[in-house]
Structures are given as structure tokens and as C-alpha cells.
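Below is model.cif, holding mmCIF, C-alpha atoms.
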data_run
#
loop_
_atom_site.label_atom_id
_atom_site.label_comp_id
_atom_site.auth_asym_id
_atom_site.auth_seq_id
_atom_site.Cartn_x
_atom_site.Cartn_y
_atom_site.Cartn_z
CA MET W 1 -44.20 -13.91 -10.57
CA ALA W 2 -43.56 -13.16 -14.21
CA ALA W 3 -40.61 -14.88 -15.77
CA PRO W 4 -37.66 -12.65 -16.59
CA ALA W 5 -37.05 -11.73 -20.21
CA TYR W 6 -34.01 -13.95 -20.68
CA TRP W 7 -36.15 -16.93 -19.85
CA ARG W 8 -38.81 -16.21 -22.39
CA SER W 9 -36.87 -15.29 -25.48
CA PRO W 10 -35.47 -18.71 -26.50
CA PHE W 11 -38.85 -20.42 -26.21
CA SER W 12 -40.73 -18.68 -28.97
CA ILE W 13 -42.68 -21.84 -29.80
CA VAL W 14 -44.12 -22.18 -26.34
CA LYS W 15 -44.67 -18.48 -26.06
CA ARG W 16 -47.87 -18.75 -24.07
CA LEU W 17 -46.15 -20.84 -21.46
CA ARG W 18 -44.86 -18.99 -18.44
CA ILE W 19 -41.79 -20.60 -17.05
CA SER W 20 -41.13 -20.07 -13.40
CA PRO W 21 -38.13 -21.61 -11.69
CA SER W 22 -39.68 -24.17 -9.37
CA THR W 23 -38.57 -27.39 -7.78
CA GLN W 24 -39.81 -30.69 -9.02
CA LEU W 25 -41.90 -31.50 -6.02
CA GLN W 26 -43.50 -28.12 -5.94
CA SER W 27 -44.83 -28.57 -9.43
CA ARG W 28 -46.00 -32.07 -8.59
CA CYS W 29 -47.80 -30.96 -5.49
CA GLN W 30 -49.46 -28.23 -7.45
CA ARG W 31 -50.44 -30.74 -10.06
CA ALA W 32 -52.18 -32.71 -7.39
CA GLY W 33 -53.97 -29.61 -6.19
CA LEU W 34 -51.88 -29.49 -3.05
CA ALA W 35 -50.12 -26.20 -3.51
CA ASP W 36 -50.75 -25.09 0.04
CA ILE W 37 -47.49 -26.30 1.50
CA SER W 38 -45.26 -23.39 2.29
CA ASN W 39 -41.67 -24.55 2.45
CA ASN W 40 -41.32 -25.92 -1.05
CA ASP W 41 -37.75 -24.88 -1.53
CA GLN W 42 -36.32 -27.43 0.86
CA LEU W 43 -38.22 -30.29 -0.71
CA LYS W 44 -36.21 -31.95 -3.40
CA ILE W 45 -37.42 -35.49 -3.02
CA SER W 46 -38.29 -37.45 -6.09
CA PRO W 47 -40.97 -39.91 -4.92
CA SER W 48 -40.24 -42.52 -7.57
CA ASN W 49 -36.80 -43.24 -6.09
CA ASN W 50 -37.89 -43.36 -2.48
CA THR W 51 -39.94 -46.07 -0.89
CA PRO W 52 -41.90 -45.11 2.26
CA GLU W 53 -39.23 -46.70 4.41
CA THR W 54 -36.46 -44.62 2.84
CA LEU W 55 -38.22 -41.35 3.62
CA THR W 56 -36.86 -40.01 6.89
CA PRO W 57 -39.38 -38.62 9.41
CA GLU W 58 -38.20 -35.07 8.65
CA GLU W 59 -38.85 -35.55 4.97
CA LEU W 60 -42.23 -37.03 5.72
CA GLU W 61 -43.11 -34.05 7.84
CA LYS W 62 -42.39 -31.75 4.97
CA LEU W 63 -44.94 -33.51 2.79
CA PRO W 64 -48.56 -32.36 2.81
CA VAL W 65 -50.61 -34.10 5.52
CA GLY W 66 -52.64 -36.10 3.04
CA LEU W 67 -49.55 -37.69 1.48
CA ARG W 68 -47.85 -38.93 4.67
CA ASN W 69 -49.70 -42.08 5.69
CA ILE W 70 -50.17 -43.66 2.28
CA SER W 71 -48.20 -46.17 0.31
CA GLN W 72 -45.60 -45.12 -2.22
CA LYS W 73 -47.70 -46.31 -5.12
CA VAL W 74 -50.69 -44.19 -4.19
CA ARG W 75 -48.45 -41.24 -3.51
CA ASP W 76 -46.88 -41.57 -6.93
CA THR W 77 -50.29 -41.70 -8.55
CA VAL W 78 -51.45 -38.62 -6.71
CA LEU W 79 -48.33 -36.69 -7.56
CA SER W 80 -48.43 -37.64 -11.21
CA MET W 81 -52.08 -36.70 -11.71
CA PRO W 82 -52.51 -34.09 -14.43
CA LEU W 83 -53.40 -30.54 -13.47
CA PRO W 84 -57.01 -29.58 -14.23
CA MET W 85 -57.24 -27.39 -17.33
CA SER W 86 -58.63 -24.42 -15.45
CA VAL W 87 -55.72 -24.52 -13.00
CA GLN W 88 -53.20 -25.07 -15.77
CA ALA W 89 -54.53 -21.97 -17.49
CA ALA W 90 -53.46 -19.87 -14.52
CA TYR W 91 -49.83 -20.55 -15.50
CA LEU W 92 -50.38 -19.50 -19.10
CA ARG W 93 -51.18 -16.18 -20.66
CA PRO W 94 -54.87 -15.31 -20.54
CA MET W 95 -56.90 -16.87 -23.29
CA ARG W 96 -58.97 -14.74 -25.60
CA ARG W 97 -62.08 -15.15 -27.66
CA PRO W 98 -62.03 -13.87 -31.24
CA SER W 99 -64.42 -11.04 -32.02
CA THR W 100 -66.83 -11.53 -34.92
CA LEU W 101 -67.82 -7.98 -35.86
CA GLY W 102 -65.21 -5.92 -34.06
CA LEU W 103 -67.69 -3.39 -32.68
CA PRO W 104 -66.32 -1.83 -29.50
CA VAL W 105 -68.75 -2.20 -26.63
CA CYS W 106 -66.74 -1.26 -23.60
CA ASP W 107 -63.44 0.51 -22.96
CA LEU W 108 -62.09 -0.22 -19.53
CA GLN W 109 -59.25 1.94 -18.36
CA LEU W 110 -57.20 0.79 -15.40
CA ARG W 111 -55.01 3.27 -13.60
CA SER W 112 -52.47 2.79 -10.90
CA TYR W 113 -49.21 4.07 -9.53
CA SER W 114 -47.84 0.56 -9.23
CA ILE W 115 -47.01 -1.46 -12.34
CA ARG W 116 -47.16 -4.87 -10.64
CA ASN W 117 -50.67 -4.42 -9.35
CA LEU W 118 -51.78 -2.97 -12.63
CA GLU W 119 -50.38 -5.81 -14.75
CA PHE W 120 -51.84 -8.38 -12.40
CA PHE W 121 -55.28 -6.89 -12.43
CA ALA W 122 -55.29 -6.36 -16.21
CA ASP W 123 -54.45 -10.05 -16.53
CA PHE W 124 -57.25 -10.93 -14.13
CA ALA W 125 -59.72 -8.78 -16.06
CA LEU W 126 -58.80 -10.54 -19.31
CA ARG W 127 -59.34 -13.95 -17.73
CA ALA W 128 -62.68 -12.87 -16.32
CA ALA W 129 -63.67 -11.63 -19.77
CA TYR W 130 -62.69 -14.95 -21.33
CA TYR W 131 -64.71 -17.03 -18.90
CA LEU W 132 -67.73 -14.74 -19.37
CA GLY W 133 -67.44 -15.27 -23.12
CA LEU W 134 -66.43 -11.72 -23.97
CA PRO W 135 -63.90 -11.02 -26.75
CA ALA W 136 -61.35 -8.69 -25.20
CA LYS W 137 -58.51 -6.70 -26.75
CA GLY W 138 -55.56 -5.46 -24.81
CA PRO W 139 -54.22 -4.58 -22.35
CA VAL W 140 -53.05 -1.56 -24.34
CA PRO W 141 -50.46 0.48 -22.46
CA LEU W 142 -51.67 4.08 -22.64
CA PRO W 143 -49.28 7.00 -22.17
CA ARG W 144 -48.21 7.53 -18.60
CA ILE W 145 -49.37 10.64 -16.79
CA THR W 146 -46.43 12.28 -15.09
CA GLU W 147 -47.07 15.02 -12.59
CA ARG W 148 -44.15 16.84 -11.03
CA TRP W 149 -43.90 19.26 -8.17
CA THR W 150 -40.95 21.29 -7.02
CA VAL W 151 -40.97 22.55 -3.45
CA PRO W 152 -38.40 24.32 -1.32
CA ARG W 153 -36.72 21.95 1.08
CA SER W 154 -37.15 24.24 4.05
CA ASN W 155 -40.37 25.43 5.60
CA PHE W 156 -39.30 29.05 5.33
CA VAL W 157 -37.35 30.98 2.69
CA HIS W 158 -34.15 29.36 1.23
CA LYS W 159 -35.66 29.16 -2.24
CA LYS W 160 -32.36 28.07 -3.77
CA SER W 161 -32.54 24.61 -2.24
CA GLN W 162 -35.50 22.75 -3.68
CA GLU W 163 -36.69 19.21 -4.11
CA ASN W 164 -38.60 17.49 -6.91
CA PHE W 165 -41.45 15.07 -6.47
CA GLU W 166 -43.35 13.17 -9.08
CA ARG W 167 -46.35 10.94 -9.41
CA ILE W 168 -46.58 8.68 -12.43
CA THR W 169 -49.96 7.26 -13.23
CA LEU W 170 -49.78 4.12 -15.35
CA ARG W 171 -52.72 3.20 -17.53
CA ARG W 172 -53.96 0.13 -19.33
CA LEU W 173 -56.87 -0.10 -21.70
CA ILE W 174 -58.96 -3.21 -22.20
CA GLN W 175 -61.52 -3.13 -24.95
CA ILE W 176 -64.47 -5.48 -25.11
CA GLN W 177 -65.89 -6.12 -28.56
CA ASP W 178 -69.25 -7.57 -29.61
CA GLY W 179 -70.36 -8.35 -26.09
CA HIS W 180 -73.94 -8.40 -24.91
CA PRO W 181 -74.53 -5.29 -22.76
CA ASP W 182 -75.77 -7.37 -19.83
CA VAL W 183 -72.68 -9.57 -19.90
CA VAL W 184 -70.49 -6.49 -20.08
CA GLN W 185 -72.27 -5.09 -17.04
CA CYS W 186 -71.76 -8.40 -15.31
CA TRP W 187 -68.04 -8.29 -16.13
CA LEU W 188 -67.71 -4.74 -14.86
CA GLY W 189 -69.62 -5.59 -11.72
CA TYR W 190 -67.42 -8.59 -11.09
CA LEU W 191 -64.27 -6.53 -11.54
CA GLU W 192 -65.60 -3.93 -9.17
CA ARG W 193 -66.44 -6.56 -6.63
CA ARG W 194 -63.00 -8.12 -6.91
CA SER W 195 -61.29 -4.74 -7.19
CA TYR W 196 -57.63 -4.74 -6.31
CA HIS W 197 -55.91 -2.31 -4.03
CA GLY W 198 -54.39 0.75 -5.63
CA ILE W 199 -56.19 0.29 -8.94
CA GLY W 200 -58.69 2.74 -10.31
CA MET W 201 -61.13 1.72 -13.02
CA LYS W 202 -63.02 3.78 -15.54
CA ALA W 203 -65.30 2.29 -18.17
CA ASN W 204 -66.86 3.78 -21.26
CA VAL W 205 -69.76 1.61 -22.32
CA TRP W 206 -71.45 1.81 -25.70
CA GLU W 207 -74.65 0.12 -26.71
CA TRP W 208 -75.64 -0.58 -30.28
CA GLU W 209 -79.30 -0.02 -31.06
CA GLY W 210 -81.66 -1.00 -33.84
CA LEU W 211 -84.03 1.37 -35.59
CA LYS W 212 -86.79 3.33 -33.78
CA VAL W 213 -84.53 4.01 -30.85
CA GLY W 214 -86.23 7.28 -30.00
CA LYS W 215 -89.59 5.75 -29.21
CA ARG W 216 -88.09 3.06 -27.07
CA MET W 217 -85.96 5.58 -25.24
CA ASP W 218 -89.04 7.73 -24.56
CA GLU W 219 -90.77 4.77 -22.97
CA GLN W 220 -87.71 3.93 -20.94
CA ALA W 221 -87.39 7.54 -19.84
CA LYS W 222 -90.94 7.48 -18.48
CA GLN W 223 -90.22 4.39 -16.47
CA ALA W 224 -86.93 5.83 -15.29
CA ASP W 225 -88.64 9.06 -14.23
CA GLN W 226 -91.00 7.13 -12.00
CA ALA W 227 -88.18 5.14 -10.51
CA ILE W 228 -86.24 8.31 -9.89
CA GLN W 229 -89.20 10.01 -8.24
CA ASP W 230 -89.41 7.24 -5.70
CA LYS W 231 -85.80 7.56 -4.71
CA TRP W 232 -84.61 11.03 -5.64
CA GLY W 233 -87.84 13.05 -5.42
CA ASN W 234 -86.34 15.38 -2.84
CA PHE W 235 -82.97 15.71 -4.50
CA GLY W 236 -81.74 19.29 -4.49
CA VAL W 237 -84.51 20.46 -2.19
CA ARG W 238 -83.35 21.77 1.12
CA VAL W 239 -85.74 21.53 4.02
CA ASN W 240 -84.67 24.78 5.58
CA ALA W 241 -84.16 26.79 2.39
CA ALA W 242 -86.46 29.80 2.32
CA THR W 243 -85.17 31.06 -1.00
CA ALA W 244 -88.17 30.04 -3.08
CA GLU W 245 -90.62 31.75 -0.76
CA LYS W 246 -88.52 34.86 -0.66
CA MET W 247 -88.33 34.98 -4.41
CA GLU W 248 -92.05 34.46 -4.75
CA LYS W 249 -92.68 37.37 -2.42
CA LEU W 250 -90.22 39.48 -4.31
CA LEU W 251 -91.71 38.69 -7.70
CA SER W 252 -95.34 39.10 -6.64
CA GLY W 253 -94.64 42.44 -4.99
CA LYS W 254 -95.80 45.76 -6.40
CA ALA W 255 -92.50 46.44 -7.98
CA PHE W 256 -92.89 43.59 -10.42
CA SER W 257 -96.64 43.17 -10.96
CA GLN W 258 -97.71 46.82 -11.40
CA GLN W 259 -94.77 48.34 -13.11
CA PRO W 260 -94.97 48.49 -16.92
CA ARG W 261 -92.27 46.70 -18.83
CA PRO W 262 -89.25 48.87 -19.41
CA MET W 263 -89.59 51.01 -22.59
CA GLU W 264 -93.10 49.64 -23.07
CA ALA W 265 -94.22 52.56 -25.28
CA PHE W 266 -91.48 51.82 -27.76
CA ILE W 267 -91.87 48.09 -28.06
CA ARG W 268 -93.26 46.88 -31.40
CA GLU W 269 -93.29 43.75 -33.46
CA PRO W 270 -90.60 43.43 -36.12
CA ILE W 271 -91.69 44.30 -39.65
CA GLU W 272 -90.72 42.25 -42.66
CA ILE W 273 -88.80 44.34 -45.15
CA LYS W 274 -88.62 43.32 -48.78
CA ARG W 275 -85.53 44.22 -50.66
CA GLY W 276 -85.47 44.27 -54.41
CA MET F 1 -68.40 36.26 12.29
CA ALA F 2 -69.72 35.15 15.60
CA GLN F 3 -73.34 34.77 14.52
CA PHE F 4 -72.37 32.19 11.91
CA ARG F 5 -69.80 30.26 13.88
CA ALA F 6 -70.70 26.81 15.18
CA ASN F 7 -71.03 26.48 18.95
CA ARG F 8 -69.10 23.27 18.99
CA LEU F 9 -66.00 22.57 17.00
CA ASP F 10 -67.05 20.77 13.84
CA LEU F 11 -63.66 20.23 12.25
CA GLY F 12 -61.19 17.39 12.37
CA CYS F 13 -58.03 18.87 10.88
CA PHE F 14 -55.39 21.24 12.17
CA ILE F 15 -57.16 24.05 14.03
CA ASN F 16 -56.40 27.69 14.33
CA LYS F 17 -58.57 30.78 14.07
CA PHE F 18 -58.01 31.13 10.33
CA VAL F 19 -59.06 27.57 9.67
CA ILE F 20 -62.23 28.02 11.72
CA ARG F 21 -62.96 31.27 9.96
CA ASP F 22 -62.56 29.74 6.52
CA HIS F 23 -64.71 26.78 7.48
CA THR F 24 -67.46 29.11 8.70
CA LYS F 25 -67.30 31.03 5.44
CA ARG F 26 -67.72 27.84 3.46
CA LYS F 27 -70.79 26.83 5.46
CA VAL F 28 -72.37 30.28 5.17
CA PHE F 29 -71.70 30.36 1.45
CA THR F 30 -73.46 27.03 0.83
CA GLU F 31 -76.38 28.15 2.94
CA TYR F 32 -76.96 31.37 1.00
CA GLU F 33 -75.83 30.26 -2.43
CA THR F 34 -79.29 29.81 -3.93
CA GLU F 35 -80.39 33.18 -2.66
CA ARG F 36 -77.38 34.86 -4.16
CA GLN F 37 -77.95 33.12 -7.47
CA ALA F 38 -81.61 34.20 -7.53
CA LEU F 39 -80.66 37.80 -6.90
CA ARG F 40 -77.96 37.64 -9.53
CA TYR F 41 -80.52 36.29 -11.97
CA ILE F 42 -82.89 39.17 -11.25
CA ILE F 43 -80.11 41.70 -11.68
CA ARG F 44 -79.04 40.30 -15.05
CA ASN F 45 -82.54 39.72 -16.46
CA THR F 46 -83.23 42.69 -18.70
CA THR F 47 -86.96 41.90 -19.06
CA LEU F 48 -87.55 42.69 -15.38
CA PRO F 49 -88.38 46.24 -14.29
CA GLN F 50 -85.42 48.48 -13.64
CA ARG F 51 -86.58 49.30 -10.15
CA MET F 52 -86.72 45.69 -9.18
CA ARG F 53 -83.29 44.99 -10.60
CA ALA F 54 -81.89 47.93 -8.72
CA SER F 55 -83.42 46.70 -5.48
CA ALA F 56 -81.99 43.25 -6.13
CA GLN F 57 -78.58 44.84 -6.63
CA LEU F 58 -78.97 46.61 -3.34
CA LYS F 59 -79.98 43.42 -1.59
CA LEU F 60 -77.08 41.50 -3.04
CA SER F 61 -74.61 44.13 -2.02
CA GLN F 62 -76.08 44.25 1.47
CA MET F 63 -75.71 40.52 2.04
CA HIS F 64 -73.04 39.50 4.50
CA CYS F 65 -69.57 39.22 3.09
CA TYR F 66 -69.33 35.61 4.35
CA THR F 67 -71.95 34.64 1.76
CA ARG F 68 -69.54 35.47 -1.07
CA PRO F 69 -67.67 32.65 -2.76
CA THR F 70 -64.61 34.87 -3.13
CA GLN F 71 -64.14 34.83 0.64
CA ILE F 72 -63.29 31.16 0.57
CA HIS F 73 -59.58 30.42 0.48
CA ASN F 74 -57.99 26.99 0.61
CA ARG F 75 -55.93 26.30 3.70
CA CYS F 76 -53.48 23.57 4.58
CA LEU F 77 -55.12 20.62 6.31
CA MET F 78 -52.02 19.73 8.27
CA GLY F 79 -50.73 23.13 9.24
CA GLY F 80 -53.44 25.67 8.53
CA LYS F 81 -51.22 27.69 6.25
CA GLY F 82 -52.90 29.86 3.67
CA ARG F 83 -50.18 30.11 1.07
CA GLY F 84 -48.58 27.55 -1.17
CA VAL F 85 -51.42 25.07 -0.70
CA PHE F 86 -51.61 22.36 -3.36
CA ARG F 87 -55.15 21.80 -4.50
CA ASP F 88 -54.36 18.15 -5.30
CA PHE F 89 -53.29 17.31 -1.77
CA ARG F 90 -54.90 20.14 0.23
CA MET F 91 -51.55 20.63 1.91
CA ALA F 92 -49.06 23.43 1.98
CA ARG F 93 -45.74 22.86 0.28
CA TYR F 94 -43.75 21.94 3.38
CA GLN F 95 -46.35 19.54 4.72
CA PHE F 96 -46.54 18.07 1.24
CA ARG F 97 -42.80 17.49 1.25
CA VAL F 98 -42.78 15.91 4.70
CA ASN F 99 -45.68 13.59 3.91
CA ALA F 100 -44.32 12.67 0.50
CA LEU F 101 -40.97 11.73 2.01
CA GLU F 102 -42.71 9.62 4.63
CA GLY F 103 -44.65 7.89 1.87
CA ASN F 104 -48.05 8.98 3.11
CA ILE F 105 -49.17 10.28 -0.25
CA PRO F 106 -49.90 7.43 -2.68
CA GLY F 107 -47.73 7.40 -5.77
CA VAL F 108 -45.66 10.47 -4.94
CA LYS F 109 -41.96 9.79 -5.03
CA LYS F 110 -38.80 11.79 -5.17
CA ALA F 111 -38.18 12.60 -8.79
CA SER F 112 -34.94 12.72 -10.64
CA TRP F 113 -34.57 12.99 -14.37
#
Take the structure in the file and give it back as C-alpha cells.
Amino acid sequence: MAAPAYWRSPFSIVKRLRISPSTQLQSRCQRAGLADISNNDQLKISPSNNTPETLTPEELEKLPVGLRNISQKVRDTVLSMPLPMSVQAAYLRPMRRPSTLGLPVCDLQLRSYSIRNLEFFADFALRAAYYLGLPAKGPVPLPRITERWTVPRSNFVHKKSQENFERITLRRLIQIQDGHPDVVQCWLGYLERRSYHGIGMKANVWEWEGLKVGKRMDEQAKQADQAIQDKWGNFGVRVNAATAEKMEKLLSGKAFSQQPRPMEAFIREPIEIKRG
Amino acid sequence: MAQFRANRLDLGCFINKFVIRDHTKRKVFTEYETERQALRYIIRNTTLPQRMRASAQLKLSQMHCYTRPTQIHNRCLMGGKGRGVFRDFRMARYQFRVNALEGNIPGVKKASW
């Protein structure tokens, strides 16, 4: 998918452009929004040179269905139509919006064991952020987590012959700056909905508040309490647990209620001592 | 212990008597955990009468040994072994090796450095 390094280096001016080795017709068909033909590699027909009569039936069959029974002129027009901007953008590096204040709002960490999936999804997340209007920084490659295990090769004894295994977790960080909290939630929700296989996501979200936060939070807490009661009122309560009753019995028994406190005769309030 | 054991098998992994025993211990522990914690609280609370704390101690020590968390011991899911079990994979070392070589454990590869 990604172009190899020797392709990119000479073209520093068109750095955002991703060059992939493709045939002429393939790019043309894609330009016309007809990228769904599968065997592109065999097609090396340039339509401008060929009239409909010169196309052999085999060549015609290789064309997309919509392009077969039309005149050469129309076909040329269709094939030379420009790619829509949104589709063109898929071939370029993800676009970004500049941040105004630079206040971090959300840190999204992506983790995976597979670099391809990780890079792809980080790219996708950046595009999603752009189209939602969120300024995003990254993806920052965080240090890899390497875990290693050494186990004996055999199931019994023979400790001298062992084998090493490792699991390397790759991480990428995407930071959202100056985004509205709701939009950030929307972005995170979208990413979760479109989550990719083998990719774990972890987000730290920060919200920036004005003054008098405490009062507002108190009000919100009251509302949240009610909402929680409706759903989680019985959380942590076991139907068959008799512990509370047992403890009540134990505590209300003679041993607790009638006995004096230990060392009761010696208990006194502390006295303030003045030292000159 | 027989009085705690489930009448029907309620496990889906490798089965032997040790696995069943450990599973039973786990269930019994969760059932009695709150009670144990309450008794422990009474024992450690110095404002409670000494007699009561002593009786709580007695009660705690008389509870069945299956209610203790220390009885629980991780066992291999694939082979039921009790030693060399990786917490990360819940497998003993040999089963871990076999499964890693087959590629059943995500991300685990043979290492060489």
C-alpha cells in the first residue's frame, strides 16, 4: 500500500503525494469512480489510440460493464474525468487542521502487535479527525513494549534446551487539541464503531472548565446519582448474601451492647498543656 | 469438599480433579468473601470489646478452609498443571510453547536477538 522509501525520497516537493506503481488504465478507471474491476494488471489499453472497432472482444470484456457499449468519445470523456477531491485525498497523506490554542483535549493511544494495521488505523483516525474539524497531532510513535518469555523446549526436565518467545506491542499516540468535548466524543465513538481488528484503543480525555466548576459539578452529580439509581441501584448487593443480617445480629448481641468500652475507667479527654 | 462441589460440571476447560477442586474453592471464596471481610474488620477494630473481637477471631478461624483466598492456585487451562503457569496466558509453560508455535496466541513470536 505505502510506497517504498526509494520512491519517496526524490520527490520532496510533492511530499504529500503517495506514488503507487499502477497502470495507466487503472488510474483512469479510478478517476472515473470505477475502481471495482479486479484484473487491472492485464489492462494496458490507452483508449485515445483505440477506436471501438479496434478493441478486440477480449479487451472489451476486461473493461468495466458500463464502458463497453458506448462510443469511444464518451468513453474517453468518462476516463478523463477528474477524481473527486474527497477520493483524491485518500491517495494523499491525511490532512490536518491547525490548532489555535494548543490545549490538549484528548490523547488517543493505539496499540497493536501488527505495524500495518496500526499505521492504517492511525491514518484513518487522523482523517476522521480532519473531517470532524478536530486539530490532531501525531501519530507519535511511542516506545514499544517488549515482553519476553523463556521456556524449556520439552514438557519435562531438560532445562538446558530452552526457547525464547516475545510479544512486541507497538503504540501510536494521537493528540486532539482545542476540540469541543462533544465532537471529541463523537470522534471516539466513530473510531470505536469502525474499530479495526487487532487494534486496542485507550483515550485520555480532558475537559477545560470555566470558573465556578464546583457548583456545576454538584448539580451534575445529583442528576447523575438519580440516573445511576435507576440502573445500578442493586449494584454490589447480592440477593442471597446473609452477611449483613449476620453482622447486625452479631453487633446487637449482648457482647457488644452491654459490655463497657475497653479501658473505660481510664479514658479521658486530652488536656491542653502550655509550655513557656 | 463435597458439600461445596457443583452437581453438574460447570467448567469448559481441561478437567481433572485438581481443576475441579480449584474451581470449587474459587466459588466458595467469592460466596463467603464479605463475611470474612466483616469478621476481619471486627477483629482489627480496637474500639470494639475484646470479647467480641476474640469471638470474631474464633469464628474466622473456624470457617471452612475453602473460604480462604490463599487456597486458590492458578492452574493451566489446557493441561490442568499447577506449576509454571503464566498469569498472562493462563497456561503452563509447555502448553504456552505449543500454542505460541502454532500461532494461537496473538502477537507472540519466536524471539531472537
Margin query: Suppose a student applies the PyMOL selection byres ((chain F and resi 112) around 9) to this structure; what residues should they get, written as a PyMOL selection string?
Written below: (chain W and resi 164-166) or (chain F and resi 110-111+113)
Note to self: Could you check which residues have any atom within 9 Å of (-76.8, 28.6, 5.9), counting all atoms listed in the file with coordinates taken straight from the file, and then list them as an MDAnalysis selection string?
What the structure shows: (chainID W and resid 240:241) or (chainID F and resid 4 27:33 67)
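Of the residues under consideration (W:Asp225, W:Glu209, W:Glu147, W:Asp218), W:Glu147 shows the shortest atom-to-atom contact distance to chain F when counting only C-alpha atoms.
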Counting all atoms listed in the file, which residues of chain F fall within 6 Å of chain W, and what is the closest atom pair for each with its distance in Å at one decimal, ordered by chain and rising number, as JSON lines?
{"residue": "F:Glu35", "atom": "CA", "partner": "W:Thr243", "partner_atom": "CA", "distance": 5.5}
{"residue": "F:Pro49", "atom": "CA", "partner": "W:Pro262", "partner_atom": "CA", "distance": 5.8}
{"residue": "F:Met52", "atom": "CA", "partner": "W:Ala255", "partner_atom": "CA", "distance": 6.0}
{"residue": "F:Tyr94", "atom": "CA", "partner": "W:Asn155", "partner_atom": "CA", "distance": 5.3}
{"residue": "F:Gly107", "atom": "CA", "partner": "W:Tyr113", "partner_atom": "CA", "distance": 5.2}
{"residue": "F:Val108", "atom": "CA", "partner": "W:Arg167", "partner_atom": "CA", "distance": 4.5}
{"residue": "F:Lys109", "atom": "CA", "partner": "W:Glu166", "partner_atom": "CA", "distance": 5.5}
{"residue": "F:Lys110", "atom": "CA", "partner": "W:Phe165", "partner_atom": "CA", "distance": 4.4}
{"residue": "F:Ala111", "atom": "CA", "partner": "W:Phe165", "partner_atom": "CA", "distance": 4.7}
Residues of the last selection are to be written out with C-alpha atoms, as a PDB file, in the frame of the given file.
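part_7.pdb was written with the following content:
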ATOM      1  CA  GLU F  35     -80.390  33.180  -2.660  1.00  0.00           C
ATOM      2  CA  PRO F  49     -88.380  46.240 -14.290  1.00  0.00           C
ATOM      3  CA  MET F  52     -86.720  45.690  -9.180  1.00  0.00           C
ATOM      4  CA  TYR F  94     -43.750  21.940   3.380  1.00  0.00           C
ATOM      5  CA  GLY F 107     -47.730   7.400  -5.770  1.00  0.00           C
ATOM      6  CA  VAL F 108     -45.660  10.470  -4.940  1.00  0.00           C
ATOM      7  CA  LYS F 109     -41.960   9.790  -5.030  1.00  0.00           C
ATOM      8  CA  LYS F 110     -38.800  11.790  -5.170  1.00  0.00           C
ATOM      9  CA  ALA F 111     -38.180  12.600  -8.790  1.00  0.00           C
TER      10      ALA F 111
END
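Here CA of Arg26 in chain F stands at a distance of 10.9 Å from CA of Arg5 in chain F.
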Item checked: Nearby residues (all atoms listed in the file) at most 7 Å from Val19 in chain F, same-chain spacing under 3 positions excluded, as a list in words ->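 So, after excluding close chain neighbours, the residues are Ile15, Asn16, Asp22, His23, Arg75 and Gly80 of chain F.
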Note to self: I'd like the residues picked by the PyMOL selection byres ((chain W and resi 118) around 12) written out as an NGL selection string, using the chain letters and numbers from the file.
What the structure shows: :W and (109-117 or 119-125 or 139-141 or 169-174 or 195-201)
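One finds CA of Ile20 in chain F at 18.8 Å from CA of Gly84 in chain F.
One finds CA of Val213 in chain W at 22.8 Å from CA of Asp107 in chain W.
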Next item on the list: Go ahead and find all residues with at least one atom no further than 12 Å from (-70.4, -7.2, -27.6) in the file's coordinates, using all atoms listed in the file; report them as a PyMOL selection string.
Entry: chain W and resi 97-107+129+132-137+175-185+187+205-209
Can I get the selected residues back with C-alpha atoms, as a short mmCIF file (atom, residue, chain, number, x, y, z; two decimals), in the coordinates of the input?
data_model
loop_
_atom_site.label_atom_id
_atom_site.label_comp_id
_atom_site.auth_asym_id
_atom_site.auth_seq_id
_atom_site.Cartn_x
_atom_site.Cartn_y
_atom_site.Cartn_z
CA ARG W 97 -62.08 -15.15 -27.66
CA PRO W 98 -62.03 -13.87 -31.24
CA SER W 99 -64.42 -11.04 -32.02
CA THR W 100 -66.83 -11.53 -34.92
CA LEU W 101 -67.82 -7.98 -35.86
CA GLY W 102 -65.21 -5.92 -34.06
CA LEU W 103 -67.69 -3.39 -32.68
CA PRO W 104 -66.32 -1.83 -29.50
CA VAL W 105 -68.75 -2.20 -26.63
CA CYS W 106 -66.74 -1.26 -23.60
CA ASP W 107 -63.44 0.51 -22.96
CA ALA W 129 -63.67 -11.63 -19.77
CA LEU W 132 -67.73 -14.74 -19.37
CA GLY W 133 -67.44 -15.27 -23.12
CA LEU W 134 -66.43 -11.72 -23.97
CA PRO W 135 -63.90 -11.02 -26.75
CA ALA W 136 -61.35 -8.69 -25.20
CA LYS W 137 -58.51 -6.70 -26.75
CA GLN W 175 -61.52 -3.13 -24.95
CA ILE W 176 -64.47 -5.48 -25.11
CA GLN W 177 -65.89 -6.12 -28.56
CA ASP W 178 -69.25 -7.57 -29.61
CA GLY W 179 -70.36 -8.35 -26.09
CA HIS W 180 -73.94 -8.40 -24.91
CA PRO W 181 -74.53 -5.29 -22.76
CA ASP W 182 -75.77 -7.37 -19.83
CA VAL W 183 -72.68 -9.57 -19.90
CA VAL W 184 -70.49 -6.49 -20.08
CA GLN W 185 -72.27 -5.09 -17.04
CA TRP W 187 -68.04 -8.29 -16.13
CA VAL W 205 -69.76 1.61 -22.32
CA TRP W 206 -71.45 1.81 -25.70
CA GLU W 207 -74.65 0.12 -26.71
CA TRP W 208 -75.64 -0.58 -30.28
CA GLU W 209 -79.30 -0.02 -31.06
#
Output the residue selection produced by the PyMOL selection byres ((chain F and resi 74) around 8) on the file above, formatted as a PDB file with C-alpha atoms, in the coordinates of the input.
ATOM      1  CA  ASP F  22     -62.560  29.740   6.520  1.00  0.00           C
ATOM      2  CA  ILE F  72     -63.290  31.160   0.570  1.00  0.00           C
ATOM      3  CA  HIS F  73     -59.580  30.420   0.480  1.00  0.00           C
ATOM      4  CA  ARG F  75     -55.930  26.300   3.700  1.00  0.00           C
ATOM      5  CA  CYS F  76     -53.480  23.570   4.580  1.00  0.00           C
ATOM      6  CA  GLY F  82     -52.900  29.860   3.670  1.00  0.00           C
ATOM      7  CA  VAL F  85     -51.420  25.070  -0.700  1.00  0.00           C
ATOM      8  CA  ARG F  87     -55.150  21.800  -4.500  1.00  0.00           C
ATOM      9  CA  ARG F  90     -54.900  20.140   0.230  1.00  0.00           C
TER      10      ARG F  90
END
Spatial neighbours of Met91 in chain F, max dist 7 Å, all atoms listed in the file, sep filter under 4 positions, as an mmCIF file with C-alpha atoms, in the frame of the given file:
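See result-v9.cif below for the written result:
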data_model
loop_
_atom_site.group_PDB
_atom_site.id
_atom_site.type_symbol
_atom_site.label_atom_id
_atom_site.label_comp_id
_atom_site.auth_asym_id
_atom_site.auth_seq_id
_atom_site.Cartn_x
_atom_site.Cartn_y
_atom_site.Cartn_z
ATOM 1 C CA CYS F 76 -53.480 23.570 4.580
ATOM 2 C CA LEU F 77 -55.120 20.620 6.310
ATOM 3 C CA MET F 78 -52.020 19.730 8.270
ATOM 4 C CA VAL F 85 -51.420 25.070 -0.700
ATOM 5 C CA PHE F 86 -51.610 22.360 -3.360
ATOM 6 C CA GLN F 95 -46.350 19.540 4.720
ATOM 7 C CA PHE F 96 -46.540 18.070 1.240
#
